[in-house]
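Everything below belongs to query_38.pdb, which stores PDB, C-alpha atoms.
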```pdb
MODEL        1
ATOM      1  CA  MET P 145     -62.416 118.063   9.082
ATOM      2  CA  SER P 146     -60.074 118.176   6.093
ATOM      3  CA  HIS P 147     -60.997 116.697   2.731
ATOM      4  CA  ILE P 148     -59.258 116.123  -0.581
ATOM      5  CA  LEU P 149     -60.653 117.673  -3.754
ATOM      6  CA  HIS P 150     -59.909 115.703  -6.943
ATOM      7  CA  VAL P 151     -59.962 117.943 -10.040
ATOM      8  CA  TYR P 152     -60.593 116.700 -13.591
ATOM      9  CA  LEU P 153     -60.725 118.127 -17.097
ATOM     10  CA  ALA P 154     -63.944 116.904 -18.680
ATOM     11  CA  ASP P 155     -67.100 118.005 -20.470
ATOM     12  CA  LEU P 156     -69.960 118.585 -18.033
ATOM     13  CA  ASP P 157     -72.613 117.948 -20.681
ATOM     14  CA  GLU P 158     -71.048 114.567 -21.495
ATOM     15  CA  LEU P 159     -70.934 113.617 -17.828
ATOM     16  CA  ALA P 160     -74.526 114.719 -17.184
ATOM     17  CA  ALA P 161     -75.703 112.844 -20.291
ATOM     18  CA  VAL P 162     -74.398 109.562 -18.851
ATOM     19  CA  ILE P 163     -77.133 109.518 -16.197
ATOM     20  CA  GLY P 164     -79.914 107.376 -17.645
ATOM     21  CA  SER P 165     -78.087 106.989 -20.976
ATOM     22  CA  ARG P 166     -77.841 103.170 -20.975
ATOM     23  CA  ASP P 167     -74.603 103.583 -22.963
ATOM     24  CA  GLU P 168     -73.391  99.978 -22.899
ATOM     25  CA  ARG P 169     -69.986 100.699 -24.435
ATOM     26  CA  LEU P 170     -69.065 103.336 -21.852
ATOM     27  CA  LEU P 171     -70.654 101.317 -19.060
ATOM     28  CA  ASN P 172     -68.484  98.312 -19.873
ATOM     29  CA  ARG P 173     -65.332 100.446 -19.883
ATOM     30  CA  VAL P 174     -66.156 101.765 -16.416
ATOM     31  CA  LEU P 175     -67.141  98.340 -15.076
ATOM     32  CA  ALA P 176     -63.776  96.987 -16.215
ATOM     33  CA  LYS P 177     -62.198  99.043 -13.410
ATOM     34  CA  PHE P 178     -63.772  96.772 -10.788
ATOM     35  CA  PRO P 179     -62.350  93.348  -9.845
ATOM     36  CA  ASP P 180     -65.764  92.071  -8.695
ATOM     37  CA  PRO P 181     -68.461  92.572 -11.376
ATOM     38  CA  ALA P 182     -71.158  91.594  -8.873
ATOM     39  CA  GLY P 183     -70.015  93.997  -6.145
ATOM     40  CA  LEU P 184     -71.531  97.216  -4.841
ATOM     41  CA  GLY P 185     -69.479  99.487  -7.097
ATOM     42  CA  PRO P 186     -70.653  97.971 -10.399
ATOM     43  CA  ALA P 187     -74.247  97.936  -9.118
ATOM     44  CA  LEU P 188     -74.131 101.665  -8.346
ATOM     45  CA  VAL P 189     -72.501 102.470 -11.688
ATOM     46  CA  ARG P 190     -75.268 100.568 -13.465
ATOM     47  CA  GLU P 191     -77.890 102.513 -11.516
ATOM     48  CA  ILE P 192     -76.363 105.769 -12.754
ATOM     49  CA  PHE P 193     -76.443 104.584 -16.377
ATOM     50  CA  GLU P 194     -80.036 103.430 -15.891
ATOM     51  CA  GLY P 195     -81.128 106.706 -14.260
ATOM     52  CA  GLY P 196     -82.045 105.392 -10.807
ATOM     53  CA  ARG P 197     -83.869 104.546  -8.510
ATOM     54  CA  PHE P 198     -81.235 106.226  -6.337
ATOM     55  CA  LEU P 199     -81.219 105.175  -2.682
ATOM     56  CA  HIS P 200     -80.467 107.730   0.018
ATOM     57  CA  GLU P 201     -78.169 105.391   1.939
ATOM     58  CA  ASN P 202     -75.867 105.173  -1.105
ATOM     59  CA  SER P 203     -75.879 108.886  -1.932
ATOM     60  CA  GLY P 204     -72.197 109.437  -1.158
ATOM     61  CA  LEU P 205     -71.147 106.357  -3.110
ATOM     62  CA  TYR P 206     -73.003 107.579  -6.205
ATOM     63  CA  VAL P 207     -70.673 110.585  -6.218
ATOM     64  CA  GLU P 208     -67.648 108.290  -6.090
ATOM     65  CA  ALA P 209     -69.105 106.156  -8.892
ATOM     66  CA  LEU P 210     -69.701 109.305 -10.941
ATOM     67  CA  GLU P 211     -66.051 110.257 -10.402
ATOM     68  CA  LEU P 212     -64.978 106.952 -11.933
ATOM     69  CA  ILE P 213     -67.173 107.747 -14.945
ATOM     70  CA  CYS P 214     -65.701 111.253 -15.152
ATOM     71  CA  GLU P 215     -62.213 109.786 -15.061
ATOM     72  CA  GLU P 216     -63.127 107.643 -18.075
ATOM     73  CA  LEU P 217     -64.555 110.601 -20.007
ATOM     74  CA  GLY P 218     -61.893 113.150 -19.082
ATOM     75  CA  SER P 219     -58.480 113.383 -17.483
ATOM     76  CA  TYR P 220     -57.213 113.827 -13.939
ATOM     77  CA  LEU P 221     -55.496 117.133 -13.112
ATOM     78  CA  ASP P 222     -54.735 117.558  -9.424
ATOM     79  CA  ASP P 223     -55.565 116.939  -5.759
ATOM     80  CA  VAL P 224     -55.805 119.697  -3.164
ATOM     81  CA  GLY P 225     -56.748 119.723   0.500
ATOM     82  CA  PHE P 226     -59.598 121.910   1.732
ATOM     83  CA  ARG P 227     -61.898 122.486   4.695
ATOM     84  CA  PHE P 228     -65.445 123.784   4.366
ATOM     85  CA  SER P 229     -64.910 126.175   7.257
ATOM     86  CA  TYR P 230     -61.766 127.779   5.793
ATOM     87  CA  ALA P 231     -61.549 127.261   2.027
ATOM     88  CA  PRO P 232     -62.296 130.161  -0.342
ATOM     89  CA  GLU P 233     -65.780 130.341  -1.829
ATOM     90  CA  ASP P 234     -64.703 129.297  -5.324
ATOM     91  CA  ILE P 235     -63.023 126.136  -4.008
ATOM     92  CA  ILE P 236     -66.224 125.236  -2.139
ATOM     93  CA  GLU P 237     -68.149 125.813  -5.365
ATOM     94  CA  LEU P 238     -65.878 123.408  -7.243
ATOM     95  CA  ALA P 239     -66.315 120.845  -4.478
ATOM     96  CA  HIS P 240     -70.055 120.917  -3.943
ATOM     97  CA  GLU P 241     -72.148 123.089  -6.240
ATOM     98  CA  GLU P 242     -73.607 120.410  -8.509
ATOM     99  CA  CYS P 243     -74.662 118.158  -5.628
ATOM    100  CA  ASP P 244     -77.438 120.594  -4.782
ATOM    101  CA  SER P 245     -79.216 119.819  -8.052
ATOM    102  CA  GLY P 246     -78.136 116.223  -8.608
ATOM    103  CA  PRO P 247     -80.516 113.359  -9.391
ATOM    104  CA  TRP P 248     -79.754 111.462  -6.177
ATOM    105  CA  PRO P 249     -80.183 112.588  -2.559
ATOM    106  CA  GLU P 250     -77.522 115.064  -1.469
ATOM    107  CA  PRO P 251     -74.816 113.190   0.471
ATOM    108  CA  GLU P 252     -73.369 114.467   3.723
ATOM    109  CA  ALA P 253     -69.803 113.237   3.207
ATOM    110  CA  ALA P 254     -69.188 113.596  -0.536
ATOM    111  CA  GLY P 255     -69.899 116.022  -3.334
ATOM    112  CA  TRP P 256     -68.985 117.425  -6.717
ATOM    113  CA  GLY P 257     -68.971 120.762  -8.476
ATOM    114  CA  VAL P 258     -68.014 122.458 -11.719
ATOM    115  CA  TRP P 259     -66.277 125.501 -13.124
ATOM    116  CA  GLY P 260     -67.509 125.753 -16.706
ATOM    117  CA  LYS P 261     -64.977 126.486 -19.455
ATOM    118  CA  GLU P 262     -66.392 129.973 -20.160
ATOM    119  CA  ASP P 263     -66.357 130.808 -16.460
ATOM    120  CA  SER P 264     -62.857 129.340 -16.184
ATOM    121  CA  ALA P 265     -61.595 131.589 -18.980
ATOM    122  CA  GLU P 266     -62.898 134.642 -17.087
ATOM    123  CA  ARG P 267     -61.375 133.406 -13.827
ATOM    124  CA  LEU P 268     -58.010 132.911 -15.539
ATOM    125  CA  ALA P 269     -57.964 136.467 -16.915
ATOM    126  CA  GLU P 270     -58.873 137.863 -13.500
ATOM    127  CA  LEU P 271     -56.288 135.728 -11.712
ATOM    128  CA  GLU P 272     -53.481 136.685 -14.091
ATOM    129  CA  ALA P 273     -54.303 140.365 -13.543
ATOM    130  CA  ALA P 274     -54.711 140.086  -9.765
ATOM    131  CA  THR P 275     -52.197 141.380  -7.237
ATOM    132  CA  GLU P 276     -53.736 139.948  -4.037
ATOM    133  CA  ASP P 277     -51.752 137.721  -1.684
ATOM    134  CA  ASP P 278     -51.769 133.987  -2.287
ATOM    135  CA  ASP P 279     -54.473 132.253  -0.234
ATOM    136  CA  GLY P 280     -52.832 128.846  -0.646
ATOM    137  CA  TYR P 281     -54.729 127.889  -3.810
ATOM    138  CA  THR P 282     -53.375 130.310  -6.414
ATOM    139  CA  GLU P 283     -50.851 127.874  -7.894
ATOM    140  CA  HIS P 284     -53.535 125.198  -8.165
ATOM    141  CA  ARG P 285     -56.078 127.597  -9.706
ATOM    142  CA  LEU P 286     -53.603 128.765 -12.349
ATOM    143  CA  MET P 287     -52.763 125.215 -13.352
ATOM    144  CA  TRP P 288     -56.428 124.156 -13.543
ATOM    145  CA  LEU P 289     -57.571 127.245 -15.430
ATOM    146  CA  GLN P 290     -54.738 127.172 -17.935
ATOM    147  CA  ALA P 291     -55.437 123.492 -18.617
ATOM    148  CA  SER P 292     -59.145 124.277 -19.078
ATOM    149  CA  LYS P 293     -58.342 127.003 -21.594
ATOM    150  CA  GLU P 294     -55.907 124.847 -23.573
ATOM    151  CA  ALA P 295     -58.250 121.856 -23.716
ATOM    152  CA  ASN P 296     -61.491 123.876 -23.988
ATOM    153  CA  LYS P 297     -62.931 121.679 -21.239
ATOM    154  CA  ASP P 298     -64.794 122.231 -17.992
ATOM    155  CA  LEU P 299     -63.188 121.731 -14.583
ATOM    156  CA  ILE P 300     -65.006 119.171 -12.439
ATOM    157  CA  GLY P 301     -64.149 118.537  -8.797
ATOM    158  CA  PHE P 302     -65.050 115.620  -6.526
ATOM    159  CA  TRP P 303     -64.527 115.063  -2.821
ATOM    160  CA  GLY P 304     -65.562 112.198  -0.560
ATOM    161  CA  ALA P 305     -64.757 111.074   2.935
ATOM    162  CA  SER P 306     -64.887 107.312   2.426
ATOM    163  CA  GLY P 307     -63.148 106.534  -0.854
ATOM    164  CA  GLU P 308     -64.825 103.129  -0.574
ATOM    165  CA  LEU P 309     -65.371 102.712  -4.294
ATOM    166  CA  LEU P 310     -62.396 104.683  -5.546
ATOM    167  CA  TRP P 311     -59.690 102.932  -3.546
ATOM    168  CA  GLY P 312     -61.431  99.863  -2.088
ATOM    169  CA  LEU P 313     -63.011  98.404  -5.228
ATOM    170  CA  GLY P 314     -60.329  98.397  -7.850
ATOM    171  CA  HIS P 315     -59.438 102.019  -8.614
ATOM    172  CA  PRO P 316     -56.033 102.072 -10.335
ATOM    173  CA  ALA P 317     -53.019 102.624  -8.112
ATOM    174  CA  GLU P 318     -52.318 106.278  -7.523
ATOM    175  CA  PRO P 319     -49.552 107.681  -9.754
ATOM    176  CA  ASP P 320     -46.570 109.219  -8.010
ATOM    177  CA  PRO P 321     -47.599 112.844  -8.758
ATOM    178  CA  VAL P 322     -50.852 112.270  -6.867
ATOM    179  CA  LYS P 323     -48.987 110.906  -3.861
ATOM    180  CA  ARG P 324     -46.691 113.918  -3.887
ATOM    181  CA  SER P 325     -49.700 116.209  -4.146
ATOM    182  CA  ARG P 326     -51.329 114.588  -1.115
ATOM    183  CA  ILE P 327     -48.118 114.876   0.914
ATOM    184  CA  ARG P 328     -47.983 118.535  -0.069
ATOM    185  CA  MET P 329     -51.644 118.871   0.966
ATOM    186  CA  LEU P 330     -50.805 117.589   4.450
ATOM    187  CA  TRP P 331     -47.947 120.045   4.780
ATOM    188  CA  GLU P 332     -50.001 122.976   3.476
ATOM    189  CA  GLY P 333     -52.868 122.206   5.857
ATOM    190  CA  SER P 334     -52.843 125.088   8.329
ATOM    191  CA  GLU P 335     -53.550 122.992  11.439
ATOM    192  CA  PHE P 336     -50.777 120.507  10.690
ATOM    193  CA  ARG P 337     -48.214 123.228   9.989
ATOM    194  CA  TRP P 338     -49.291 125.224  13.049
ATOM    195  CA  ALA P 339     -48.964 122.176  15.335
ATOM    196  CA  LEU P 340     -45.540 121.328  13.925
ATOM    197  CA  SER P 341     -44.288 124.888  14.389
ATOM    198  CA  ARG P 342     -45.521 124.909  18.003
ATOM    199  CA  PHE P 343     -43.724 121.612  18.644
ATOM    200  CA  TRP P 344     -40.396 122.894  17.316
ATOM    201  CA  THR P 345     -40.769 126.202  19.155
ATOM    202  CA  ARG P 346     -41.281 124.449  22.484
ATOM    203  CA  LEU P 347     -38.428 122.030  21.780
ATOM    204  CA  TRP P 348     -36.059 124.882  20.907
ATOM    205  CA  TRP P 349     -36.921 127.054  23.912
TER     206      TRP P 349
ENDMDL
END
```
Show the structure stored in the file as structure tokens.
Amino acid sequence: MSHILHVYLADLDELAAVIGSRDERLLNRVLAKFPDPAGLGPALVREIFEGGRFLHENSGLYVEALELICEELGSYLDDVGFRFSYAPEDIIELAHEECDSGPWPEPEAAGWGVWGKEDSAERLAELEAATEDDDGYTEHRLMWLQASKEANKDLIGFWGASGELLWGLGHPAEPDPVKRSRIRMLWEGSEFRWALSRFWTRLWW
């Protein structure tokens, strides 16, 4: 199954410090994203600021709520499609590494991970010196890593299958560059491109 990885520039320590912080000013800024202050999304955001008790049945939604907080603290960079069975190891790390040690139960259909700014600087130097073939993510990596270096920020990635909070409970409309990125993701997905090429081959012959 294909997923979409959302990549942000942010400070990991700031994001981690939100959990249990009871920071009313930041909390109110995040809650302002939701049209229904009494809905599920605001309740989960409040639980994060209060430090739990985190319920297993909401584990995936906590990741989406944390993404909304990250968006408030940092800035959005890019979307890219990936599959756990095919994506390179570093992309999987950016998608899921931090979930293994998170404060809430590990979700099955959502996750988040980090490339720290020091690690990102090393990755950038290695990538700029590399001569290997493009694995489909090189352009994205370069953009992320260069942005991390310029801003001196960490790279934080989120993925989730439902999008229930992000798109169903008042997340701002997607800007055009995001839509273009998702269209590009569909085209770059190997299965989609393979099926389309087979279709045209059969039609031609």
For this session: Have a look at P:Phe178, P:Tyr281, P:Glu158, P:Asn172 and name the one nearest to Ala231 (chain P); count all atoms listed in the file.
Result: P:Tyr281
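Distances to Phe198 (chain P) were evaluated for P:Asp155, P:Glu250, P:Glu241, P:Glu211 using only C-alpha atoms, and the minimum falls at P:Glu250.
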Problem set entry | Pick from P:Val224, P:Leu205, P:Ile213, P:Ala182, whichever lies nearest to Ala161 (chain P) using only C-alpha atoms |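 Between P:Val224, P:Leu205, P:Ile213, P:Ala182, the residue approaching Ala161 (chain P) most closely is P:Ile213.
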Could you work out an axis-aligned bounding box for all listed atoms of region 286-294 of chain P, with 4 Å added on each of the six sides, and give its centre and edge lengths in Å to one decimal, as lines of an AutoDock Vina configuration file?
```
center_x = -56.0
center_y = 126.1
center_z = -18.0
size_x = 14.4
size_y = 13.3
size_z = 19.2
```
Exercise. How would you write as a ChimeraX atom specification the residues that get within 12 Å of (-63.8, 102.0, -15.3) in the file's frame, counting all atoms listed in the file?
Worked result: /P:169-179,181,185-186,189-190,208-218,309-310,313-316
Exercise. What is the CA of Gly195 (chain P)-CA of Trp248 (chain P) distance in Å, reported with one decimal?
Worked result: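 Atom-to-atom, CA of Gly195 (chain P) and CA of Trp248 (chain P) are spaced 9.5 Å apart.
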Problem set entry | Test item: residues at most 7 Å from Gly260 (chain P), all atoms listed in the file, excluding those fewer than 3 positions along its chain, as a list in words | Asp263, Ser264, Asp298 and Leu299 of chain P
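Restricting the calculation to all atoms listed in the file, the smallest distance between Gly304 (chain P) and any of P:Tyr152, P:Glu168, P:Phe226, P:Gly196 is found for P:Phe226.
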Problem set entry | Given only C-alpha atoms as the counted atoms, nearest of P:Cys243, P:Ile236, P:Leu156, P:Leu221 to Ala291 (chain P) | P:Leu221
For this session: Would you kindly translate the PyMOL selection byres ((chain P and resi 253) around 7) into the concrete residues it picks from this file, as a list in words?
Result: Gly204, Pro251, Glu252, Ala254, Gly304 and Ala305 of chain P
Problem set entry | Picked residues, the PyMOL selection byres ((chain P and resi 194) around 8), as a PyMOL selection string | chain P and resi 163-166+190-193+195-196
Exercise. What is the distance between CA of Gly257 (chain P) and CA of Gly301 (chain P), in Å to one decimal?
Worked result: 5.3 Å
For this session: Take CA of Glu266 (chain P) and CA of Asp157 (chain P) and report the distance between them in Å, one decimal.
Result: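 It comes out at 19.6 Å.
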Check what the PyMOL selection byres ((chain P and resi 279) around 12) selects in the file above and give those residues as a PDB file with C-alpha atoms, in the frame of the given file.
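Full text of expr.pdb as output:
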```
ATOM      1  CA  PHE P 226     -59.598 121.910   1.732  1.00  0.00           C
ATOM      2  CA  TYR P 230     -61.766 127.779   5.793  1.00  0.00           C
ATOM      3  CA  ALA P 231     -61.549 127.261   2.027  1.00  0.00           C
ATOM      4  CA  PRO P 232     -62.296 130.161  -0.342  1.00  0.00           C
ATOM      5  CA  GLU P 233     -65.780 130.341  -1.829  1.00  0.00           C
ATOM      6  CA  ASP P 234     -64.703 129.297  -5.324  1.00  0.00           C
ATOM      7  CA  ILE P 235     -63.023 126.136  -4.008  1.00  0.00           C
ATOM      8  CA  THR P 275     -52.197 141.380  -7.237  1.00  0.00           C
ATOM      9  CA  GLU P 276     -53.736 139.948  -4.037  1.00  0.00           C
ATOM     10  CA  ASP P 277     -51.752 137.721  -1.684  1.00  0.00           C
ATOM     11  CA  ASP P 278     -51.769 133.987  -2.287  1.00  0.00           C
ATOM     12  CA  GLY P 280     -52.832 128.846  -0.646  1.00  0.00           C
ATOM     13  CA  TYR P 281     -54.729 127.889  -3.810  1.00  0.00           C
ATOM     14  CA  THR P 282     -53.375 130.310  -6.414  1.00  0.00           C
ATOM     15  CA  GLU P 283     -50.851 127.874  -7.894  1.00  0.00           C
ATOM     16  CA  HIS P 284     -53.535 125.198  -8.165  1.00  0.00           C
ATOM     17  CA  ARG P 285     -56.078 127.597  -9.706  1.00  0.00           C
ATOM     18  CA  GLU P 332     -50.001 122.976   3.476  1.00  0.00           C
ATOM     19  CA  GLY P 333     -52.868 122.206   5.857  1.00  0.00           C
ATOM     20  CA  SER P 334     -52.843 125.088   8.329  1.00  0.00           C
TER      21      SER P 334
END
```
May I have the protein, DNA and RNA residues with an atom at most 12 Å from (-65.2, 132.1, -20.5), counting only C-alpha atoms in the file's coordinates, returned as a short mmCIF file (atom, residue, chain, number, x, y, z; two decimals) with C-alpha atoms, in the coordinates of the input?
```cif
data_model
loop_
_atom_site.label_atom_id
_atom_site.label_comp_id
_atom_site.auth_asym_id
_atom_site.auth_seq_id
_atom_site.Cartn_x
_atom_site.Cartn_y
_atom_site.Cartn_z
CA TRP P 259 -66.28 125.50 -13.12
CA GLY P 260 -67.51 125.75 -16.71
CA LYS P 261 -64.98 126.49 -19.45
CA GLU P 262 -66.39 129.97 -20.16
CA ASP P 263 -66.36 130.81 -16.46
CA SER P 264 -62.86 129.34 -16.18
CA ALA P 265 -61.60 131.59 -18.98
CA GLU P 266 -62.90 134.64 -17.09
CA ARG P 267 -61.38 133.41 -13.83
CA LEU P 268 -58.01 132.91 -15.54
CA ALA P 269 -57.96 136.47 -16.92
CA GLU P 270 -58.87 137.86 -13.50
CA LEU P 289 -57.57 127.24 -15.43
CA GLN P 290 -54.74 127.17 -17.93
CA SER P 292 -59.14 124.28 -19.08
CA LYS P 293 -58.34 127.00 -21.59
CA ASN P 296 -61.49 123.88 -23.99
CA LYS P 297 -62.93 121.68 -21.24
CA ASP P 298 -64.79 122.23 -17.99
#
```
Exercise. Which of these residues is nearest to His147 (chain P), using only C-alpha atoms: P:Ala239, P:Leu271, P:Ile300, P:Leu286?
Worked result: P:Ala239
